[in-house]
Each structure stands twice: as structure tokens, then as C-alpha cells.
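Working notes, beginning with the structure itself.
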There are 2 protein chains.
Amino acid sequence: MRTTRQRTLLTELVSKQQHAFTAEELWTAAREAGGPVGLATVYRTLALLETDGRVRRLDRGRFIACEPGHHHHLVCTSCGAVEETELCSAPPVTEVRKRHGFVVQHHEADLYGVCGKCA
Amino acid sequence: MRTTRQRTLLTELVSKQQHAFTAEELWTAAREAGGPVGLATVYRTLALLETDGRVRRLDRGRFIACEPGHHHHLVCTSCGAVEETELCSAPPVTEVRKRHGFVVQHHEADLYGVCGKCA
DNA sequence: ATGATAATGAGACGCGTTTTCAGTAAGCTC
DNA sequence: GAGCTTACTGAAAACGCGTCTCATTATCAT
């Protein structure tokens, strides 16, 4: 795993994203900010960051940046902004096991609503 | 909104799905079970069911069937089975508003782990 | 039964993503 | 620092999922 100009640049840009973004938007931002980058490299880097848990892939070709560690997302249905919160919203593991015989390993949750700016 | 053979068939098949499925899998199942159906119709019907909340679209072209009403999903990482649970413990709306200035309208949560059969 | 029109199906199309492959550059070794 | 190995990159081609088009079919109100 080598450290390249492109990876450094893309990783930095991703960590600054406050909204969901597309690969092409990241591509444009990268070329404006730090010189030539290929679109294929953008996709390859996003795939790497996804396996690291730094990026999550939503539907319709959109991505969101994630801090490592447990958290959930507050998605504004008005402006599309995505915030993170450590407030956790999952049923207790013991309760799920008792009721369903299912052993929860991890979970994902997204809260949808209206953010402070839009309210 | 007309009742057609295709819609009836696809809606029935979807309601029986216990796992995540792709549009093409549903297409195959439909042709095996009830005569010719076009792939375009499968996509159109899935879109209808999605707006009704009977289907949710995951990433990578996969879909899951949903019962109407509030619930979450238990996704088995071993066999791919999807169960529903009414267990829910979202952070209180007031807490999220206090902490983030964000007004939660609804939320989605998926719990990943190992189901009873696979354990 | 008849007519208006919603729905369908086959294939064309669009576009986001992955793959290919030759050229480039990171970083180890000496 | 020079040389070497090979991971990485970029441009273009290929791919594939999902949507759209449009002629045909079928539903349902009258």
C-alpha cells in the first residue's frame, strides 16, 4: 500500500465532505484542489476508503464520509446535509437475541429530518 | 392504477421474499411462477412498491421486502436472510434536537449479525 | 360491447462504474 | 543517491444496471 499524491489528496477531500457526494463531484474537487487525477483512481480510492469504514456507499451513486468509530447519521431531507451523532439508536443485543435468536454484531442507522439551518 | 396480471404476480412474489433480492432474480422467479413478464415491468413495479413502503432499495441493486409499519431489519451476514423486528430504540427526538438542532422525522436501522439457523 | 388510456414488453439508450494495459513513480536495497 | 521491483495511475474501452421509447395489448368505465 503506497502513499501517492492522489490518495493523499482524495482522502483529505473526503474527510472534509459535509454532504453526500458523487464520485464525479469528488473528481472535480480533486482536480481543482490538487492537480490531475483520473476518475478511475477516484473510484479505486473510494473502494479502499469504504473497506476502511471511512466512506459509506448509499444508493444512486452517492457516497458519504464517515469518521471511524460508532456513530449514526442525521440526514437532512431538505438540503441533503449529513451530520454524525454518537447518539445510538439500536435495540439492545440481548433483547434481539431473546426475541429473535439473532446475534447482533453491528448495526447501521440513519435518522432523517430537518437540520438546524433548514428549520 | 390498474390491476394487471403482472402487478399481482410481482407483488405476491415480493411479499414472500425472505432475503434481499435483485430485480433480475425477481424477474426469473416471476417467469417461472406465472408466465411472461418484462424486465422493465419488474423495475416499474418495484418503484411502485418502494413508494408504498413495501420495498426498500439497498445498495448494489438489491431490494428487500418490507411489511408496512415501523420496523427494522435483521440481516444475517452468514446466509443473507432478512428478518423484521419491531424492536426499536431510536434516540429521543428531543435529545437529538437539543444536541444537534436537528428535528428527526423518521429513521431506518439495519442490524447485522448471525441468525438462529446459522448460529 | 366500445372507447379511452394505463400498462406492458422488446430493444435502444444513458450513464455510472469497472477493467485493461501501457506508462509512471513509490520506496526498498545496496 | 542509483537501480530495481512492482504497486499505482490514467485514458479509453468495456461493461452492466436501470430507464426510456414507442408500438401493442389489456383494463375498466360507460
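Following the order of the C-alpha cells, chains are lettered A, B, ..., residues in each are numbered from 1, and ligands are numbered from 1.
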
Only residues of chain D matter here; which ones have an atom within 12 Å of chain A, counting only C-alpha atoms (C1' of nucleotides)? Give them as number ranges by chain. D: 6-12, 17-18

Starting from chain C, keep only residues with some atom at most 10 Å from an atom of chain A, counting only C-alpha atoms (C1' of nucleotides), and report them as an NGL selection string. :C and (16-19 or 25-27)

Just-selected residues, C-alpha atoms (C1' of nucleotides) written as a compact mmCIF listing (two decimals), in the first residue's frame:
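Wrote selection.txt, looks like this:
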```txt
# COMPACT_ATOMS: atom_id res chain seq x y z
C1' DG C 16 -22.09 5.31 -13.57
C1' DT C 17 -18.59 2.01 -12.63
C1' DT C 18 -15.05 -1.41 -13.64
C1' DT C 19 -11.47 -3.29 -16.44
C1' DA C 25 6.55 6.60 -9.71
C1' DA C 26 6.93 4.88 -4.67
C1' DG C 27 10.06 3.01 -1.83
```

Could you go through chain B and tell me which residues DSSP, when run on the backbone, assigns to strand (DSSP E or B), listing them as a ChimeraX atom specification? /B:19,21-22,55-57,62-65,72-76,81-85,103-114

Could you write out as a PyMOL selection string the residues of chain B within 10 Å of chain A, counting only C-alpha atoms? chain B and resi 57-62+72-77+83-93+95-97+99-119

Kindly export the residues of the current selection with C-alpha atoms, as a PDB file, in the first residue's frame.
```
ATOM      1  CA  ARG B  57     -33.789  -0.348  -2.121  1.00  0.00           C
ATOM      2  CA  LEU B  58     -30.374  -1.248  -0.734  1.00  0.00           C
ATOM      3  CA  ASP B  59     -27.078  -0.524  -2.428  1.00  0.00           C
ATOM      4  CA  ARG B  60     -25.641  -2.656  -5.245  1.00  0.00           C
ATOM      5  CA  GLY B  61     -29.008  -3.202  -6.898  1.00  0.00           C
ATOM      6  CA  ARG B  62     -30.523  -5.233  -4.115  1.00  0.00           C
ATOM      7  CA  HIS B  72     -36.095  -2.657  11.411  1.00  0.00           C
ATOM      8  CA  HIS B  73     -34.170  -5.378   9.678  1.00  0.00           C
ATOM      9  CA  LEU B  74     -32.021  -8.181  10.985  1.00  0.00           C
ATOM     10  CA  VAL B  75     -29.618  -9.107   8.219  1.00  0.00           C
ATOM     11  CA  CYS B  76     -27.708 -12.354   8.605  1.00  0.00           C
ATOM     12  CA  THR B  77     -24.114 -11.933   7.474  1.00  0.00           C
ATOM     13  CA  GLU B  83     -35.960 -10.773   9.322  1.00  0.00           C
ATOM     14  CA  GLU B  84     -38.022  -7.890  10.560  1.00  0.00           C
ATOM     15  CA  THR B  85     -38.232  -6.793  14.158  1.00  0.00           C
ATOM     16  CA  GLU B  86     -40.459  -4.250  15.863  1.00  0.00           C
ATOM     17  CA  LEU B  87     -37.804  -3.735  18.486  1.00  0.00           C
ATOM     18  CA  CYS B  88     -36.768  -0.129  18.293  1.00  0.00           C
ATOM     19  CA  SER B  89     -34.823   2.257  20.439  1.00  0.00           C
ATOM     20  CA  ALA B  90     -34.125   5.371  18.493  1.00  0.00           C
ATOM     21  CA  PRO B  91     -32.594   8.276  20.372  1.00  0.00           C
ATOM     22  CA  PRO B  92     -35.394  10.517  21.629  1.00  0.00           C
ATOM     23  CA  VAL B  93     -36.272  13.257  19.186  1.00  0.00           C
ATOM     24  CA  GLU B  95     -32.291  14.649  22.672  1.00  0.00           C
ATOM     25  CA  VAL B  96     -31.267  14.900  19.040  1.00  0.00           C
ATOM     26  CA  ARG B  97     -32.795  18.335  18.751  1.00  0.00           C
ATOM     27  CA  ARG B  99     -27.697  18.161  20.876  1.00  0.00           C
ATOM     28  CA  HIS B 100     -27.722  18.829  17.131  1.00  0.00           C
ATOM     29  CA  GLY B 101     -30.586  21.226  16.418  1.00  0.00           C
ATOM     30  CA  PHE B 102     -31.935  18.510  14.171  1.00  0.00           C
ATOM     31  CA  VAL B 103     -35.606  17.521  14.071  1.00  0.00           C
ATOM     32  CA  VAL B 104     -35.929  13.801  13.398  1.00  0.00           C
ATOM     33  CA  GLN B 105     -38.867  12.781  11.249  1.00  0.00           C
ATOM     34  CA  HIS B 106     -38.170   9.096  10.737  1.00  0.00           C
ATOM     35  CA  HIS B 107     -35.298   6.687  10.850  1.00  0.00           C
ATOM     36  CA  GLU B 108     -34.002   3.477   9.364  1.00  0.00           C
ATOM     37  CA  ALA B 109     -31.869   0.897  11.073  1.00  0.00           C
ATOM     38  CA  ASP B 110     -30.357  -2.382   9.954  1.00  0.00           C
ATOM     39  CA  LEU B 111     -28.835  -4.807  12.418  1.00  0.00           C
ATOM     40  CA  TYR B 112     -26.171  -7.175  11.103  1.00  0.00           C
ATOM     41  CA  GLY B 113     -25.258 -10.424  12.766  1.00  0.00           C
ATOM     42  CA  VAL B 114     -25.897 -14.160  12.773  1.00  0.00           C
ATOM     43  CA  CYS B 115     -29.398 -15.591  12.623  1.00  0.00           C
ATOM     44  CA  GLY B 116     -30.724 -18.501  14.671  1.00  0.00           C
ATOM     45  CA  LYS B 117     -30.198 -21.075  11.940  1.00  0.00           C
ATOM     46  CA  CYS B 118     -26.595 -20.136  11.309  1.00  0.00           C
ATOM     47  CA  ALA B 119     -25.583 -19.818  14.965  1.00  0.00           C
TER      48      ALA B 119
END
```

Length of the atom CA of B:Gln17 to atom CA of A:Lys98 vector [Å]: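 Between these atoms lies a distance of 24.0 Å.
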
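One distance worth recording is that between atom C1' of C:DA22 and atom CA of A:Gly35, which is 21.8 Å.
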
When DSSP is applied to the backbone of this structure, which of chain B are assigned helix (DSSP H, G or I)? Write them out as an MDAnalysis selection string. chainID B and resid 5:16 23:34 39:51 93:100

Point out the residue among D:DC15, D:DC4, D:DA23, D:DC28 with the least atom-to-atom distance to C:DC30, counting only C-alpha atoms (C1' of nucleotides).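 Closest residue, counting only C-alpha atoms (C1' of nucleotides): D:DC4.
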
Could you pull the residues within 12 Å of C:DT29, counting only C-alpha atoms (C1' of nucleotides), minus those fewer than 5 positions along the same chain, as a ChimeraX atom specification? /D:1-5

Go ahead and write the residues just picked, N, CA and C atoms (P, O5', C5', C4', C3', O3' and C1' of nucleotides), as a PDB file, in the first residue's frame.
```
ATOM      1  P    DG D   1      20.392  12.645  -2.202  1.00  0.00           P
ATOM      2  O5'  DG D   1      20.969  11.617  -3.277  1.00  0.00           O
ATOM      3  C5'  DG D   1      22.257  11.889  -3.855  1.00  0.00           C
ATOM      4  C4'  DG D   1      22.637  10.718  -4.704  1.00  0.00           C
ATOM      5  C3'  DG D   1      21.682  10.440  -5.873  1.00  0.00           C
ATOM      6  O3'  DG D   1      22.449   9.999  -6.990  1.00  0.00           O
ATOM      7  C1'  DG D   1      21.718   8.554  -4.449  1.00  0.00           C
ATOM      8  P    DA D   2      21.823   9.881  -8.418  1.00  0.00           P
ATOM      9  O5'  DA D   2      21.944   8.315  -8.642  1.00  0.00           O
ATOM     10  C5'  DA D   2      23.222   7.685  -8.674  1.00  0.00           C
ATOM     11  C4'  DA D   2      23.042   6.209  -9.012  1.00  0.00           C
ATOM     12  C3'  DA D   2      22.136   5.924 -10.205  1.00  0.00           C
ATOM     13  O3'  DA D   2      22.679   4.838 -10.943  1.00  0.00           O
ATOM     14  C1'  DA D   2      21.199   4.952  -8.258  1.00  0.00           C
ATOM     15  P    DG D   3      21.899   4.257 -12.164  1.00  0.00           P
ATOM     16  O5'  DG D   3      21.227   2.963 -11.547  1.00  0.00           O
ATOM     17  C5'  DG D   3      21.985   2.077 -10.725  1.00  0.00           C
ATOM     18  C4'  DG D   3      21.139   0.876 -10.379  1.00  0.00           C
ATOM     19  C3'  DG D   3      20.223   0.395 -11.498  1.00  0.00           C
ATOM     20  O3'  DG D   3      20.206  -1.026 -11.482  1.00  0.00           O
ATOM     21  C1'  DG D   3      18.907   0.965  -9.613  1.00  0.00           C
ATOM     22  P    DC D   4      19.350  -1.866 -12.538  1.00  0.00           P
ATOM     23  O5'  DC D   4      18.152  -2.412 -11.634  1.00  0.00           O
ATOM     24  C5'  DC D   4      18.444  -3.039 -10.378  1.00  0.00           C
ATOM     25  C4'  DC D   4      17.140  -3.420  -9.706  1.00  0.00           C
ATOM     26  C3'  DC D   4      16.091  -3.983 -10.662  1.00  0.00           C
ATOM     27  O3'  DC D   4      15.515  -5.143 -10.070  1.00  0.00           O
ATOM     28  C1'  DC D   4      15.189  -2.158  -9.438  1.00  0.00           C
ATOM     29  P    DT D   5      14.647  -6.141 -10.980  1.00  0.00           P
ATOM     30  O5'  DT D   5      13.335  -6.248 -10.071  1.00  0.00           O
ATOM     31  C5'  DT D   5      13.476  -6.364  -8.647  1.00  0.00           C
ATOM     32  C4'  DT D   5      12.194  -5.931  -7.978  1.00  0.00           C
ATOM     33  C3'  DT D   5      10.919  -6.497  -8.605  1.00  0.00           C
ATOM     34  O3'  DT D   5      10.129  -7.042  -7.563  1.00  0.00           O
ATOM     35  C1'  DT D   5      10.752  -4.146  -8.403  1.00  0.00           C
TER      36       DT D   5
END
```

Which residue of B:His71, B:His19, B:Arg56, B:Arg5 approaches B:Arg31 most closely, using only C-alpha atoms: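 Looking only at the distances to B:Arg31, the closest residue turns out to be B:Arg5.
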